[in-house]
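The structure appears below as structure tokens.
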Amino acid sequence: MSEPVIEAVNVAKVLGSGAEAVAALRGVSLAVSCGELTLLMGPSGSGKTTLLSILGCMLTPTEGTVRVCGQSTDGAGPEDLALLRREHVGFVFQSFHLFPTLSAADNVRLALDVRGEPSRSAKARSREALARVGLSHKISAFPRELSGGEQQRVAIARAIVGNPSIILADEPTAALDGENGQAIMKILAGISREQGRGVLIVTHDPRLLPFADRIVHIEDGRLVGEERGAAGPDMNSRKSYRG
């Protein structure tokens, strides 16, 4: 297996303080490599989204270390973390997070604008990203003119337009019907395998299992098990974190 593109080592996260403090994560270690699609599965409140936010440098851990493309976030300030996000991480959310007054192409181009990409280049790359997700005919459409599945494709195009090393997706199919959910997963699987990016998806939807190279289970802030997915090289191996 290649070197991890993103990694958490003994990460703990406490939310709140005093009597209201909650241990959201307890000594979690997880690594995702390029070309690998990993599902992170667990019940509500298990720490899935907290871990995704820490890996994506949106939250800092209370304890432990996060590495993005080999670079540790220990001691990194807000500007340093923002730079890591811009250079290496693409995000896909359940609720799409599109700007309603912007066209599909302009929503995608925003990810390049924050990087200081020249306007002509940004426009061309935005069109290319939309073409990769099958929306070259919708570049001028506004979110209200798109179906839920099409809006999620725009969100994926925005996530990949900056050529990130890893895509982090939080319940990307939860707001979609089965057909659109399958279409979105095919796109994410293609990004992983054909473009060699790491993809980590938080979900509780068993319909996503056939697309996974690896499935990691989390409960009460701890990783409790791991197995190869149907798309992985070895479906018979299983690892338990309980010890």
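Scheme for the structure tokens: letters A, B, ... for chains in order shown; per-chain residue numbers from 1; ligand numbers from 1 in order shown.
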Against segment 159-171 of chain A, which residues of segment 20-77 of chain A fall within 9 Å? For each one I want the closest pair of atoms and the distance in Å (one decimal), counting only C-alpha atoms, rows by chain and increasing residue number, as JSON lines.
{"residue": "A:Val32", "atom": "CA", "partner": "A:Ile166", "partner_atom": "CA", "distance": 8.6}
{"residue": "A:Ser33", "atom": "CA", "partner": "A:Ile166", "partner_atom": "CA", "distance": 8.6}
{"residue": "A:Cys34", "atom": "CA", "partner": "A:Ser165", "partner_atom": "CA", "distance": 7.4}
{"residue": "A:Lys48", "atom": "CA", "partner": "A:Asp170", "partner_atom": "CA", "distance": 8.7}
{"residue": "A:Thr49", "atom": "CA", "partner": "A:Asp170", "partner_atom": "CA", "distance": 6.9}
{"residue": "A:Leu52", "atom": "CA", "partner": "A:Leu168", "partner_atom": "CA", "distance": 7.0}
{"residue": "A:Ser53", "atom": "CA", "partner": "A:Leu168", "partner_atom": "CA", "distance": 8.9}
{"residue": "A:Leu55", "atom": "CA", "partner": "A:Leu168", "partner_atom": "CA", "distance": 8.5}
{"residue": "A:Gly56", "atom": "CA", "partner": "A:Leu168", "partner_atom": "CA", "distance": 7.2}
{"residue": "A:Val68", "atom": "CA", "partner": "A:Ser165", "partner_atom": "CA", "distance": 8.9}
{"residue": "A:Cys69", "atom": "CA", "partner": "A:Ser165", "partner_atom": "CA", "distance": 7.7}
Could you save those same residues with N, CA and C atoms as a PDB file, in the first residue's frame?
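Contents of selection-v4.pdb, freshly written:
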ATOM      1  N   VAL A  32      -5.638   6.881   5.282  1.00  0.00           N
ATOM      2  CA  VAL A  32      -6.240   6.657   3.967  1.00  0.00           C
ATOM      3  C   VAL A  32      -5.168   6.905   2.916  1.00  0.00           C
ATOM      4  N   SER A  33      -5.053   5.987   1.967  1.00  0.00           N
ATOM      5  CA  SER A  33      -4.036   6.085   0.929  1.00  0.00           C
ATOM      6  C   SER A  33      -4.634   6.539  -0.396  1.00  0.00           C
ATOM      7  N   CYS A  34      -3.776   6.996  -1.295  1.00  0.00           N
ATOM      8  CA  CYS A  34      -4.208   7.373  -2.635  1.00  0.00           C
ATOM      9  C   CYS A  34      -4.810   6.156  -3.344  1.00  0.00           C
ATOM     10  N   LYS A  48     -18.201  10.148  13.818  1.00  0.00           N
ATOM     11  CA  LYS A  48     -17.830  10.118  12.402  1.00  0.00           C
ATOM     12  C   LYS A  48     -17.500  11.510  11.860  1.00  0.00           C
ATOM     13  N   THR A  49     -18.433  12.416  12.031  1.00  0.00           N
ATOM     14  CA  THR A  49     -18.249  13.752  11.465  1.00  0.00           C
ATOM     15  C   THR A  49     -17.149  14.514  12.191  1.00  0.00           C
ATOM     16  N   LEU A  52     -13.955  13.323  10.656  1.00  0.00           N
ATOM     17  CA  LEU A  52     -13.814  13.882   9.317  1.00  0.00           C
ATOM     18  C   LEU A  52     -13.379  15.346   9.391  1.00  0.00           C
ATOM     19  N   SER A  53     -13.954  16.090  10.323  1.00  0.00           N
ATOM     20  CA  SER A  53     -13.613  17.506  10.466  1.00  0.00           C
ATOM     21  C   SER A  53     -12.170  17.686  10.931  1.00  0.00           C
ATOM     22  N   LEU A  55      -9.666  15.450  10.368  1.00  0.00           N
ATOM     23  CA  LEU A  55      -8.825  15.072   9.234  1.00  0.00           C
ATOM     24  C   LEU A  55      -8.786  16.172   8.183  1.00  0.00           C
ATOM     25  N   GLY A  56      -9.896  16.886   8.029  1.00  0.00           N
ATOM     26  CA  GLY A  56      -9.973  17.963   7.059  1.00  0.00           C
ATOM     27  C   GLY A  56      -9.456  19.290   7.562  1.00  0.00           C
ATOM     28  N   VAL A  68      -1.264  15.429   6.878  1.00  0.00           N
ATOM     29  CA  VAL A  68      -1.852  15.586   5.556  1.00  0.00           C
ATOM     30  C   VAL A  68      -0.713  15.594   4.548  1.00  0.00           C
ATOM     31  N   CYS A  69      -0.673  14.579   3.690  1.00  0.00           N
ATOM     32  CA  CYS A  69       0.424  14.414   2.732  1.00  0.00           C
ATOM     33  C   CYS A  69       1.774  14.472   3.440  1.00  0.00           C
TER      34      CYS A  69
END
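Within 9 Å of segment 109-112 of chain A, once only C-alpha atoms are used and residues closer than 3 positions along the same chain are dropped, the contacting residues are Arg86, Ala104, Ala105, Asp106, Arg115, Gly116, Glu117, Pro118, Ser119, Ala122, Lys123, Arg125, Ser126, Arg127, Arg158, Ala159, Val161 and Gly162 of chain A.
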Exercise. Check the smallest atom-to-atom distance from each of A:Leu81, A:Leu209, A:Val14, A:Val108 to Ala155 of chain A using only C-alpha atoms, then report the winner.
Key: A:Val108
Practice problem: Just give me the gap between atom CA of Thr62 of chain A and atom CA of Gly77 of chain A in Å, one decimal is fine. | Solution: 14.3 Å
Self-check item: Selected residue, from A:Ser121, A:Ser44, A:Thr203, A:Asn10, that lies nearest to Gly64 of chain A when counting only C-alpha atoms
Solution: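 Smallest separation from Gly64 of chain A among the options: A:Asn10.
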Quiz item: Excluding same-chain residues fewer than 6 positions from Asp177 of chain A, what lies within 12 Å of it counting only C-alpha atoms, as a ChimeraX atom specification?
Solution: /A:147-149,183-184,205,207
Keeping only C-alpha atoms, write those residues as a PDB file, in the first residue's frame.
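Output file selection16.pdb is given in full below:
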ATOM      1  CA  SER A 147     -31.989  18.135  -9.448  1.00  0.00           C
ATOM      2  CA  GLY A 148     -30.531  16.989  -6.140  1.00  0.00           C
ATOM      3  CA  GLY A 149     -28.225  14.569  -7.920  1.00  0.00           C
ATOM      4  CA  ALA A 183     -24.566   7.637  -9.683  1.00  0.00           C
ATOM      5  CA  ILE A 184     -22.747   9.821  -7.151  1.00  0.00           C
ATOM      6  CA  ASP A 205     -26.053   3.805   4.274  1.00  0.00           C
ATOM      7  CA  ARG A 207     -26.132   0.752  -0.192  1.00  0.00           C
TER       8      ARG A 207
END
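Minimum atom-to-atom distances from A:Asp213, A:Glu150, A:Glu20, A:Glu227 to Thr38 of chain A were compared using only C-alpha atoms, and the lowest value belongs to A:Asp213.
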Exercise. Give the helix (DSSP H, G or I) residues of chain A, as DSSP finds them on the backbone, and put them as a PyMOL selection string.
Key: chain A and resi 18-20+48-55+78-88+104-113+119-132+136-138+143-145+148-160+178-195+206-211
Write the selection just made, keeping C-alpha atoms, as a tab-separated table (two decimals), in the first residue's frame?
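Full text of result_6.tsv as output:
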chain	number	residue	atom	x	y	z
A	18	GLY	CA	-16.30	21.06	32.78
A	19	ALA	CA	-19.36	18.99	33.64
A	20	GLU	CA	-20.57	19.29	30.04
A	48	LYS	CA	-17.83	10.12	12.40
A	49	THR	CA	-18.25	13.75	11.46
A	50	THR	CA	-15.91	14.93	14.23
A	51	LEU	CA	-13.16	12.69	12.88
A	52	LEU	CA	-13.81	13.88	9.32
A	53	SER	CA	-13.61	17.51	10.47
A	54	ILE	CA	-10.29	16.87	12.24
A	55	LEU	CA	-8.82	15.07	9.23
A	78	PRO	CA	-5.64	28.83	11.52
A	79	GLU	CA	-3.86	30.20	8.43
A	80	ASP	CA	-1.62	27.14	8.18
A	81	LEU	CA	-4.62	24.82	8.46
A	82	ALA	CA	-6.53	26.81	5.84
A	83	LEU	CA	-3.56	26.47	3.48
A	84	LEU	CA	-3.47	22.70	3.98
A	85	ARG	CA	-7.20	22.50	3.24
A	86	ARG	CA	-6.88	24.56	0.08
A	87	GLU	CA	-3.90	22.64	-1.26
A	88	HIS	CA	-4.79	19.07	-0.36
A	104	ALA	CA	-22.86	25.77	-11.71
A	105	ALA	CA	-19.62	26.96	-13.31
A	106	ASP	CA	-19.29	29.90	-10.91
A	107	ASN	CA	-19.96	27.68	-7.88
A	108	VAL	CA	-17.10	25.45	-8.99
A	109	ARG	CA	-14.85	28.39	-9.83
A	110	LEU	CA	-15.10	29.68	-6.25
A	111	ALA	CA	-12.72	26.93	-5.16
A	112	LEU	CA	-10.12	28.34	-7.54
A	113	ASP	CA	-10.80	31.99	-6.75
A	119	SER	CA	-9.88	34.21	-14.16
A	120	ARG	CA	-9.44	32.70	-17.65
A	121	SER	CA	-7.73	29.58	-16.30
A	122	ALA	CA	-10.31	29.23	-13.51
A	123	LYS	CA	-13.19	29.34	-16.00
A	124	ALA	CA	-11.59	26.66	-18.17
A	125	ARG	CA	-10.81	24.38	-15.24
A	126	SER	CA	-14.35	24.79	-13.87
A	127	ARG	CA	-15.82	23.67	-17.20
A	128	GLU	CA	-13.45	20.71	-17.27
A	129	ALA	CA	-14.43	19.65	-13.75
A	130	LEU	CA	-18.13	19.84	-14.60
A	131	ALA	CA	-17.50	17.75	-17.72
A	132	ARG	CA	-15.81	15.09	-15.57
A	136	SER	CA	-20.94	19.97	-19.35
A	137	HIS	CA	-24.47	20.83	-20.54
A	138	LYS	CA	-25.38	22.49	-17.23
A	143	PRO	CA	-28.89	25.38	-8.32
A	144	ARG	CA	-32.69	25.86	-8.39
A	145	GLU	CA	-32.66	24.55	-11.96
A	148	GLY	CA	-30.53	16.99	-6.14
A	149	GLY	CA	-28.22	14.57	-7.92
A	150	GLU	CA	-27.04	17.30	-10.29
A	151	GLN	CA	-26.40	19.68	-7.40
A	152	GLN	CA	-24.26	17.04	-5.72
A	153	ARG	CA	-22.32	16.60	-8.97
A	154	VAL	CA	-21.61	20.32	-8.97
A	155	ALA	CA	-20.41	20.00	-5.37
A	156	ILE	CA	-18.10	17.14	-6.39
A	157	ALA	CA	-16.77	19.17	-9.32
A	158	ARG	CA	-16.02	22.00	-6.89
A	159	ALA	CA	-14.22	19.54	-4.60
A	160	ILE	CA	-11.99	18.13	-7.35
A	178	GLY	CA	-31.25	5.35	-4.70
A	179	GLU	CA	-30.57	5.96	-8.39
A	180	ASN	CA	-28.88	9.32	-7.85
A	181	GLY	CA	-26.98	7.97	-4.86
A	182	GLN	CA	-25.56	5.16	-6.98
A	183	ALA	CA	-24.57	7.64	-9.68
A	184	ILE	CA	-22.75	9.82	-7.15
A	185	MET	CA	-20.91	6.83	-5.72
A	186	LYS	CA	-19.77	5.76	-9.20
A	187	ILE	CA	-18.29	9.23	-9.68
A	188	LEU	CA	-16.51	9.14	-6.30
A	189	ALA	CA	-15.21	5.63	-6.97
A	190	GLY	CA	-13.90	6.78	-10.33
A	191	ILE	CA	-12.15	9.74	-8.72
A	192	SER	CA	-10.43	7.33	-6.36
A	193	ARG	CA	-9.38	4.65	-8.82
A	194	GLU	CA	-8.91	6.50	-12.09
A	195	GLN	CA	-7.44	9.71	-10.68
A	206	PRO	CA	-25.41	0.10	3.51
A	207	ARG	CA	-26.13	0.75	-0.19
A	208	LEU	CA	-22.65	2.27	-0.45
A	209	LEU	CA	-20.86	-0.92	0.60
A	210	PRO	CA	-20.29	-2.33	-2.93
A	211	PHE	CA	-18.17	0.71	-3.82
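Here atom CA of Gly90 of chain A is placed at a distance of 10.5 Å from atom CA of Leu200 of chain A.
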Quiz item: How many Å lie between atom CA of Arg197 of chain A and atom CA of Glu36 of chain A, rounded to one decimal?
Solution: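 According to the coordinates, atom CA of Arg197 of chain A and atom CA of Glu36 of chain A are separated by 7.1 Å.
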Self-check item: All strand (DSSP E) residues (DSSP, backbone) inside segment 9-124 of chain A, as a ChimeraX atom specification
Solution: /A:9-15,22-33,37-41,63-68,71-72,89-93
